[in-house]
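What follows is the content of input-v2.cif, which has mmCIF, C-alpha atoms and all ligand atoms; chains and numbers go by the auth columns:
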```cif
data_my_file
loop_
_atom_site.group_PDB
_atom_site.id
_atom_site.type_symbol
_atom_site.label_atom_id
_atom_site.label_comp_id
_atom_site.label_asym_id
_atom_site.label_seq_id
_atom_site.Cartn_x
_atom_site.Cartn_y
_atom_site.Cartn_z
_atom_site.B_iso_or_equiv
_atom_site.auth_seq_id
_atom_site.auth_asym_id
ATOM 1 C CA MET A 1 -22.344 43.498 -123.765 0.00 273 A
ATOM 2 C CA LYS A 2 -21.602 39.953 -122.621 0.00 274 A
ATOM 3 C CA ARG A 3 -17.925 39.261 -123.170 0.00 275 A
ATOM 4 C CA ALA A 4 -15.846 36.164 -122.516 0.00 276 A
ATOM 5 C CA VAL A 5 -12.272 35.088 -122.964 0.00 277 A
ATOM 6 C CA TYR A 6 -11.146 31.723 -124.296 0.00 278 A
ATOM 7 C CA PRO A 7 -7.525 31.429 -123.145 0.00 279 A
ATOM 8 C CA GLY A 8 -5.108 28.765 -124.288 0.00 280 A
ATOM 9 C CA SER A 9 -1.806 27.866 -125.884 0.00 281 A
ATOM 10 C CA PHE A 10 -3.359 27.117 -129.306 0.00 282 A
ATOM 11 C CA ASP A 11 -0.064 25.697 -130.587 0.00 283 A
ATOM 12 C CA PRO A 12 -1.700 25.321 -133.057 0.00 284 A
ATOM 13 C CA VAL A 13 -5.482 25.680 -133.071 0.00 285 A
ATOM 14 C CA THR A 14 -7.306 22.402 -133.813 0.00 286 A
ATOM 15 C CA PHE A 15 -10.829 21.581 -134.980 0.00 287 A
ATOM 16 C CA GLY A 16 -11.579 20.856 -131.300 0.00 288 A
ATOM 17 C CA HIS A 17 -10.684 24.446 -130.331 0.00 289 A
ATOM 18 C CA LEU A 18 -12.589 25.813 -133.322 0.00 290 A
ATOM 19 C CA ASP A 19 -15.671 23.867 -132.283 0.00 291 A
ATOM 20 C CA VAL A 20 -15.490 25.445 -128.801 0.00 292 A
ATOM 21 C CA ILE A 21 -14.882 28.898 -130.340 0.00 293 A
ATOM 22 C CA ARG A 22 -17.878 28.630 -132.644 0.00 294 A
ATOM 23 C CA ARG A 23 -20.228 27.430 -129.914 0.00 295 A
ATOM 24 C CA ALA A 24 -19.019 29.963 -127.328 0.00 296 A
ATOM 25 C CA SER A 25 -19.281 32.785 -129.886 0.00 297 A
ATOM 26 C CA GLU A 26 -23.009 32.045 -130.077 0.00 298 A
ATOM 27 C CA MET A 27 -23.373 32.539 -126.316 0.00 299 A
ATOM 28 C CA PHE A 28 -21.584 35.872 -125.934 0.00 300 A
ATOM 29 C CA ASP A 29 -21.654 39.216 -127.736 0.00 301 A
ATOM 30 C CA VAL A 30 -17.871 39.174 -127.970 0.00 302 A
ATOM 31 C CA LEU A 31 -15.511 36.235 -127.536 0.00 303 A
ATOM 32 C CA ILE A 32 -11.834 37.070 -127.159 0.00 304 A
ATOM 33 C CA VAL A 33 -9.606 34.137 -127.993 0.00 305 A
ATOM 34 C CA SER A 34 -6.364 34.920 -126.216 0.00 306 A
ATOM 35 C CA VAL A 35 -3.064 33.128 -126.725 0.00 307 A
ATOM 36 C CA LEU A 36 -0.932 32.664 -123.625 0.00 308 A
ATOM 37 C CA ASN A 37 2.593 33.947 -124.095 0.00 309 A
ATOM 38 C CA ASN A 38 4.166 31.263 -121.926 0.00 310 A
ATOM 39 C CA LYS A 39 7.883 31.827 -121.458 0.00 311 A
ATOM 40 C CA VAL A 40 8.354 28.357 -119.962 0.00 312 A
ATOM 41 C CA LYS A 41 7.077 26.211 -122.837 0.00 313 A
ATOM 42 C CA THR A 42 8.915 26.032 -126.155 0.00 314 A
ATOM 43 C CA PRO A 43 6.142 26.295 -128.708 0.00 315 A
ATOM 44 C CA LEU A 44 6.178 25.220 -132.348 0.00 316 A
ATOM 45 C CA PHE A 45 4.606 28.516 -133.423 0.00 317 A
ATOM 46 C CA SER A 46 5.458 31.944 -131.987 0.00 318 A
ATOM 47 C CA VAL A 47 2.681 33.901 -130.279 0.00 319 A
ATOM 48 C CA GLU A 48 2.469 36.175 -133.348 0.00 320 A
ATOM 49 C CA GLU A 49 2.100 33.153 -135.642 0.00 321 A
ATOM 50 C CA ARG A 50 -0.557 31.595 -133.415 0.00 322 A
ATOM 51 C CA VAL A 51 -2.508 34.857 -133.332 0.00 323 A
ATOM 52 C CA LYS A 52 -2.381 35.099 -137.140 0.00 324 A
ATOM 53 C CA ILE A 53 -3.451 31.462 -137.540 0.00 325 A
ATOM 54 C CA LEU A 54 -6.383 32.008 -135.172 0.00 326 A
ATOM 55 C CA GLN A 55 -7.404 35.195 -136.995 0.00 327 A
ATOM 56 C CA GLU A 56 -7.460 33.348 -140.296 0.00 328 A
ATOM 57 C CA ALA A 57 -9.288 30.320 -138.853 0.00 329 A
ATOM 58 C CA THR A 58 -11.994 32.462 -137.214 0.00 330 A
ATOM 59 C CA LYS A 59 -12.358 35.164 -139.878 0.00 331 A
ATOM 60 C CA ASP A 60 -15.921 34.031 -140.656 0.00 332 A
ATOM 61 C CA ILE A 61 -17.094 34.547 -137.058 0.00 333 A
ATOM 62 C CA PRO A 62 -17.586 38.316 -136.695 0.00 334 A
ATOM 63 C CA ASN A 63 -17.803 38.515 -132.897 0.00 335 A
ATOM 64 C CA VAL A 64 -14.525 36.689 -132.315 0.00 336 A
ATOM 65 C CA GLN A 65 -11.421 38.757 -131.571 0.00 337 A
ATOM 66 C CA VAL A 66 -7.940 37.315 -131.246 0.00 338 A
ATOM 67 C CA ASP A 67 -5.399 38.612 -128.782 0.00 339 A
ATOM 68 C CA SER A 68 -2.507 37.390 -126.613 0.00 340 A
ATOM 69 C CA PHE A 69 -1.586 37.783 -122.975 0.00 341 A
ATOM 70 C CA THR A 70 1.301 37.353 -120.583 0.00 342 A
ATOM 71 C CA GLY A 71 1.015 36.568 -116.900 0.00 343 A
ATOM 72 C CA LEU A 72 -2.083 35.716 -114.960 0.00 344 A
ATOM 73 C CA LEU A 73 -5.417 35.225 -116.675 0.00 345 A
ATOM 74 C CA ILE A 74 -7.243 36.976 -113.823 0.00 346 A
ATOM 75 C CA ASN A 75 -5.257 40.174 -114.456 0.00 347 A
ATOM 76 C CA TYR A 76 -5.897 40.022 -118.197 0.00 348 A
ATOM 77 C CA ALA A 77 -9.610 39.451 -117.577 0.00 349 A
ATOM 78 C CA ALA A 78 -9.808 42.347 -115.089 0.00 350 A
ATOM 79 C CA GLU A 79 -8.036 44.711 -117.529 0.00 351 A
ATOM 80 C CA HIS A 80 -10.594 43.816 -120.207 0.00 352 A
ATOM 81 C CA ASP A 81 -13.581 43.818 -117.833 0.00 353 A
ATOM 82 C CA ILE A 82 -14.283 40.157 -118.563 0.00 354 A
ATOM 83 C CA HIS A 83 -15.916 37.882 -116.004 0.00 355 A
ATOM 84 C CA VAL A 84 -16.158 34.588 -117.856 0.00 356 A
ATOM 85 C CA ALA A 85 -13.395 32.331 -119.129 0.00 357 A
ATOM 86 C CA VAL A 86 -14.360 29.557 -121.520 0.00 358 A
ATOM 87 C CA ARG A 87 -12.570 26.207 -121.606 0.00 359 A
ATOM 88 C CA GLY A 88 -13.222 22.972 -123.448 0.00 360 A
ATOM 89 C CA LEU A 89 -13.398 19.631 -121.666 0.00 361 A
ATOM 90 C CA ARG A 90 -12.553 16.594 -123.760 0.00 362 A
ATOM 91 C CA ALA A 91 -12.542 13.834 -121.196 0.00 363 A
ATOM 92 C CA ILE A 92 -12.450 13.155 -117.487 0.00 364 A
ATOM 93 C CA THR A 93 -8.641 13.402 -117.667 0.00 365 A
ATOM 94 C CA ASP A 94 -8.955 17.136 -118.408 0.00 366 A
ATOM 95 C CA PHE A 95 -11.300 17.661 -115.511 0.00 367 A
ATOM 96 C CA GLU A 96 -8.984 17.626 -112.494 0.00 368 A
ATOM 97 C CA TYR A 97 -6.552 20.091 -114.060 0.00 369 A
ATOM 98 C CA GLU A 98 -9.286 22.380 -115.312 0.00 370 A
ATOM 99 C CA LEU A 99 -11.201 22.294 -112.023 0.00 371 A
ATOM 100 C CA GLN A 100 -8.062 23.331 -110.135 0.00 372 A
ATOM 101 C CA ILE A 101 -7.374 26.250 -112.498 0.00 373 A
ATOM 102 C CA ALA A 102 -11.017 27.360 -112.468 0.00 374 A
ATOM 103 C CA GLN A 103 -11.246 27.288 -108.683 0.00 375 A
ATOM 104 C CA THR A 104 -7.898 29.053 -108.291 0.00 376 A
ATOM 105 C CA ASN A 105 -8.922 31.768 -110.741 0.00 377 A
ATOM 106 C CA ARG A 106 -12.259 32.276 -109.008 0.00 378 A
ATOM 107 C CA LYS A 107 -10.593 32.585 -105.607 0.00 379 A
ATOM 108 C CA LEU A 108 -7.682 34.763 -106.788 0.00 380 A
ATOM 109 C CA SER A 109 -9.982 37.115 -108.655 0.00 381 A
ATOM 110 C CA GLY A 110 -12.133 37.749 -105.591 0.00 382 A
ATOM 111 C CA GLU A 111 -14.913 35.706 -107.252 0.00 383 A
ATOM 112 C CA LYS A 112 -14.920 38.044 -110.257 0.00 384 A
ATOM 113 C CA LEU A 113 -13.784 35.470 -112.844 0.00 385 A
ATOM 114 C CA ASP A 114 -15.836 32.345 -113.418 0.00 386 A
ATOM 115 C CA THR A 115 -15.040 29.537 -115.835 0.00 387 A
ATOM 116 C CA MET A 116 -17.580 28.070 -118.199 0.00 388 A
ATOM 117 C CA PHE A 117 -16.866 24.613 -119.598 0.00 389 A
ATOM 118 C CA LEU A 118 -18.051 23.351 -122.933 0.00 390 A
ATOM 119 C CA THR A 119 -17.779 19.637 -123.514 0.00 391 A
ATOM 120 C CA THR A 120 -15.972 19.036 -126.763 0.00 392 A
ATOM 121 C CA SER A 121 -18.032 17.462 -129.520 0.00 393 A
ATOM 122 C CA LEU A 122 -17.429 13.709 -129.539 0.00 394 A
ATOM 123 C CA GLU A 123 -15.755 13.707 -132.948 0.00 395 A
ATOM 124 C CA TYR A 124 -12.991 15.944 -131.543 0.00 396 A
ATOM 125 C CA ALA A 125 -12.668 14.350 -128.102 0.00 397 A
ATOM 126 C CA TYR A 126 -9.419 12.603 -129.037 0.00 398 A
ATOM 127 C CA LEU A 127 -7.756 15.724 -130.465 0.00 399 A
ATOM 128 C CA SER A 128 -4.880 17.626 -128.904 0.00 400 A
ATOM 129 C CA SER A 129 -2.358 20.099 -130.290 0.00 401 A
ATOM 130 C CA SER A 130 0.467 17.871 -129.007 0.00 402 A
ATOM 131 C CA SER A 131 -0.741 14.754 -130.810 0.00 403 A
ATOM 132 C CA VAL A 132 -1.324 16.772 -134.001 0.00 404 A
ATOM 133 C CA LYS A 133 2.289 17.999 -133.833 0.00 405 A
ATOM 134 C CA GLU A 134 3.635 14.512 -133.168 0.00 406 A
ATOM 135 C CA ILE A 135 1.684 12.969 -136.057 0.00 407 A
ATOM 136 C CA ALA A 136 2.706 15.789 -138.430 0.00 408 A
ATOM 137 C CA SER A 137 6.369 15.611 -137.372 0.00 409 A
ATOM 138 C CA PHE A 138 6.455 12.027 -138.697 0.00 410 A
ATOM 139 C CA GLY A 139 4.688 12.998 -141.913 0.00 411 A
ATOM 140 C CA GLY A 140 1.311 11.607 -140.815 0.00 412 A
ATOM 141 C CA ASP A 141 -2.009 12.939 -142.057 0.00 413 A
ATOM 142 C CA VAL A 142 -3.505 15.665 -139.846 0.00 414 A
ATOM 143 C CA SER A 143 -6.154 16.819 -142.306 0.00 415 A
ATOM 144 C CA GLN A 144 -8.938 15.632 -139.990 0.00 416 A
ATOM 145 C CA CYS A 145 -7.485 17.529 -137.039 0.00 417 A
ATOM 146 C CA VAL A 146 -6.722 21.052 -138.257 0.00 418 A
ATOM 147 C CA PRO A 147 -7.727 23.316 -141.176 0.00 419 A
ATOM 148 C CA GLU A 148 -5.754 22.674 -144.367 0.00 420 A
ATOM 149 C CA PHE A 149 -3.729 25.893 -144.175 0.00 421 A
ATOM 150 C CA VAL A 150 -2.714 25.055 -140.595 0.00 422 A
ATOM 151 C CA ALA A 151 -1.641 21.537 -141.613 0.00 423 A
ATOM 152 C CA LYS A 152 0.597 23.057 -144.306 0.00 424 A
ATOM 153 C CA LEU A 153 2.197 25.428 -141.810 0.00 425 A
ATOM 154 C CA ILE A 154 2.921 22.547 -139.406 0.00 426 A
ATOM 155 C CA TYR A 155 4.495 20.424 -142.160 0.00 427 A
ATOM 156 C CA GLU A 156 6.605 23.430 -143.152 0.00 428 A
ATOM 157 C CA LYS A 157 7.891 23.733 -139.576 0.00 429 A
ATOM 158 C CA TYR A 158 8.900 20.069 -139.602 0.00 430 A
ATOM 159 C CA HIS A 159 10.289 20.246 -143.175 0.00 431 A
ATOM 160 C CA ILE A 160 7.988 17.447 -144.358 0.00 432 A
ATOM 161 C CA GLN A 161 8.471 18.058 -148.086 0.00 433 A
ATOM 162 C CA ASP A 162 5.927 15.437 -149.309 0.00 434 A
ATOM 163 C CA ARG A 163 3.093 17.214 -147.548 0.00 435 A
ATOM 164 C CA ILE A 164 3.917 20.857 -148.358 0.00 436 A
HETATM 165 O O1 LIG B . -4.148 25.454 -123.879 0.00 1 B
HETATM 166 P P1 LIG B . -3.610 25.275 -122.494 0.00 1 B
HETATM 167 O O2 LIG B . -2.099 25.275 -122.486 0.00 1 B
HETATM 168 O O3 LIG B . -4.200 24.087 -121.789 0.00 1 B
HETATM 169 O O4 LIG B . -4.089 26.605 -121.677 0.00 1 B
HETATM 170 C C1 LIG B . -3.767 26.794 -120.318 0.00 1 B
HETATM 171 C C2 LIG B . -4.114 28.235 -119.864 0.00 1 B
HETATM 172 C C3 LIG B . -3.512 29.241 -120.814 0.00 1 B
HETATM 173 C C4 LIG B . -5.602 28.398 -119.814 0.00 1 B
HETATM 174 C C5 LIG B . -3.577 28.419 -118.417 0.00 1 B
HETATM 175 O O5 LIG B . -2.272 27.899 -118.339 0.00 1 B
HETATM 176 C C6 LIG B . -3.545 29.897 -118.006 0.00 1 B
HETATM 177 O O6 LIG B . -4.542 30.547 -117.898 0.00 1 B
HETATM 178 N N1 LIG B . -2.308 30.400 -117.789 0.00 1 B
HETATM 179 C C7 LIG B . -2.081 31.779 -117.436 0.00 1 B
HETATM 180 C C8 LIG B . -1.406 31.873 -116.075 0.00 1 B
HETATM 181 C C9 LIG B . -2.445 31.807 -114.983 0.00 1 B
HETATM 182 O O7 LIG B . -3.365 32.596 -114.901 0.00 1 B
HETATM 183 N N2 LIG B . -2.287 30.829 -114.069 0.00 1 B
HETATM 184 C C10 LIG B . -3.167 30.679 -112.935 0.00 1 B
HETATM 185 C C11 LIG B . -4.046 29.473 -113.041 0.00 1 B
HETATM 186 S S1 LIG B . -3.457 28.256 -111.879 0.00 1 B
#
```

How does the structure come out when it is put into structure tokens?
Amino acid sequence: MKRAVYPGSFDPVTFGHLDVIRRASEMFDVLIVSVLNNKVKTPLFSVEERVKILQEATKDIPNVQVDSFTGLLINYAAEHDIHVAVRGLRAITDFEYELQIAQTNRKLSGEKLDTMFLTTSLEYAYLSSSSVKEIASFGGDVSQCVPEFVAKLIYEKYHIQDRI
């Protein structure tokens, strides 16, 4: 069984993430999308909410499982006997950060965890969870960025009555 993990904050999941999930799910027998429980960041959605949102958004892809993790990705991967992490690359600006994490993870894991990058489809290259949240917080239209039910949940968080 070829298994991979797609780790991330997913606060919340966007069409860009879903594009990576769909494409990676076709390359592995099982793809575990795992939400980082990051105590440092203050997220819009709790880990439990993000897991539920991801489950709903990926319910049509049978080999995708949704989970969460705390601490180092290499430890999570080792516990689940996973040797590939999947990440999306939108632009060259992502590259330096991602390269550093990928190389660190490879080294720290004793070369057991590799990272596979998928370049984001061009139509989603501009998308980020942070910009989606900023647009939605001012009542802007995020229908081209996230699934409709996710957009509703974001507007609810920001109390944007016109959009709920
Ligand atoms: O969606 P994000 O916030 O860009 O995802 C970043 C993530 C979750 C992939 C990365 O921060 C991570 O794996 N964190 C877990 C802690 C860890 O393993 N750090 C070592 C890498 S330097």

Could you give me, as a VMD selection string, every polymer residue with an atom at most 8 Å away from an atom of ligand LIG 1 (chain B), counting only C-alpha atoms and all ligand atoms?
chain A and resid 278 to 283 307 to 308 310 342 to 347 359 372 to 374 376 to 377

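Atom pair CA of Ser402 (chain A) / CA of Glu298 (chain A) has a distance of 27.4 Å (rounded to one decimal).
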
Considering all atoms listed in the file, state which residue in the set A:Gln375, A:Ser415, A:Asn335, A:Thr330 is at the smallest distance from Asp301 (chain A).
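Under the stated criterion, the closest residue is A:Asn335.
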
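The space between CA of Tyr396 (chain A) and CA of Arg275 (chain A) spans 25.3 Å.
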
Give me, as a tab-separated table, the closest atom pair and its distance (Å, one decimal) for every residue of region 377-411 of chain A within a cut-off of 12 Å of region 312-329 of chain A, counting only C-alpha atoms, rows sorted by chain and rising number.
```
residue	atom	partner	partner_atom	distance
A:Ser401	CA	A:Leu316	CA	10.2
A:Ser402	CA	A:Leu316	CA	9.9
A:Val404	CA	A:Leu316	CA	11.4
A:Lys405	CA	A:Leu316	CA	8.3
A:Glu406	CA	A:Leu316	CA	11.0
A:Ala408	CA	A:Leu316	CA	11.7
A:Ser409	CA	A:Leu316	CA	10.8
```

Please write the residues from the selection above to a file, keeping C-alpha atoms, as a CSV table (one decimal), in the coordinates of the input.
```csv
chain,number,residue,atom,x,y,z
A,401,SER,CA,-2.4,20.1,-130.3
A,402,SER,CA,0.5,17.9,-129.0
A,404,VAL,CA,-1.3,16.8,-134.0
A,405,LYS,CA,2.3,18.0,-133.8
A,406,GLU,CA,3.6,14.5,-133.2
A,408,ALA,CA,2.7,15.8,-138.4
A,409,SER,CA,6.4,15.6,-137.4
```

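Residue neighbourhood of Glu370 (chain A), excluding near-sequence residues (fewer than 5 positions): Gly280, Ala357, Val358, Arg359, Gly360, Leu361, Arg362, Ala363, Ile364, Thr365, Gln375, Thr376, Asn377, Thr387, Met388, Phe389 and Leu390 of chain A, at 12 Å, using all atoms listed in the file.
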
Among A:Val356, A:Val277, A:Ile436, A:Leu371, Val336 (chain A) is approached most closely, using only C-alpha atoms, by A:Val277

Point-to-point distance in Å for CA of Ile354 (chain A) and CA of Ala276 (chain A):
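These atoms are spaced 5.8 Å apart.
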
How would you write as an NGL selection string the residues that get within 10 Å of (-20.0, 31.6, -136.5) in the file's frame, counting all atoms listed in the file?
:A and (290-291 or 293-298 or 330-336)

Spell out the residues picked by the PyMOL selection byres (((chain A and resi 418) around 9) and not hetatm) here, as a PDB file with C-alpha atoms, keeping the file's coordinate frame.
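Below is the file that was written, part00.pdb:
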```
ATOM      1  CA  PRO A 284      -1.700  25.321-133.057  1.00  0.00           C
ATOM      2  CA  VAL A 285      -5.482  25.680-133.071  1.00  0.00           C
ATOM      3  CA  THR A 286      -7.306  22.402-133.813  1.00  0.00           C
ATOM      4  CA  PHE A 287     -10.829  21.581-134.980  1.00  0.00           C
ATOM      5  CA  GLY A 288     -11.579  20.856-131.300  1.00  0.00           C
ATOM      6  CA  VAL A 404      -1.324  16.772-134.001  1.00  0.00           C
ATOM      7  CA  VAL A 414      -3.505  15.665-139.846  1.00  0.00           C
ATOM      8  CA  SER A 415      -6.154  16.819-142.306  1.00  0.00           C
ATOM      9  CA  GLN A 416      -8.938  15.632-139.990  1.00  0.00           C
ATOM     10  CA  CYS A 417      -7.485  17.529-137.039  1.00  0.00           C
ATOM     11  CA  PRO A 419      -7.727  23.316-141.176  1.00  0.00           C
ATOM     12  CA  GLU A 420      -5.754  22.674-144.367  1.00  0.00           C
ATOM     13  CA  PHE A 421      -3.729  25.893-144.175  1.00  0.00           C
ATOM     14  CA  VAL A 422      -2.714  25.055-140.595  1.00  0.00           C
ATOM     15  CA  ALA A 423      -1.641  21.537-141.613  1.00  0.00           C
TER      16      ALA A 423
END
```

Which residues, written as a ChimeraX atom specification, have at least one atom at most 7 Å from His355 (chain A), with all atoms listed in the file counted and residues fewer than 6 positions away on the same chain left out?
/A:276,349,384-386
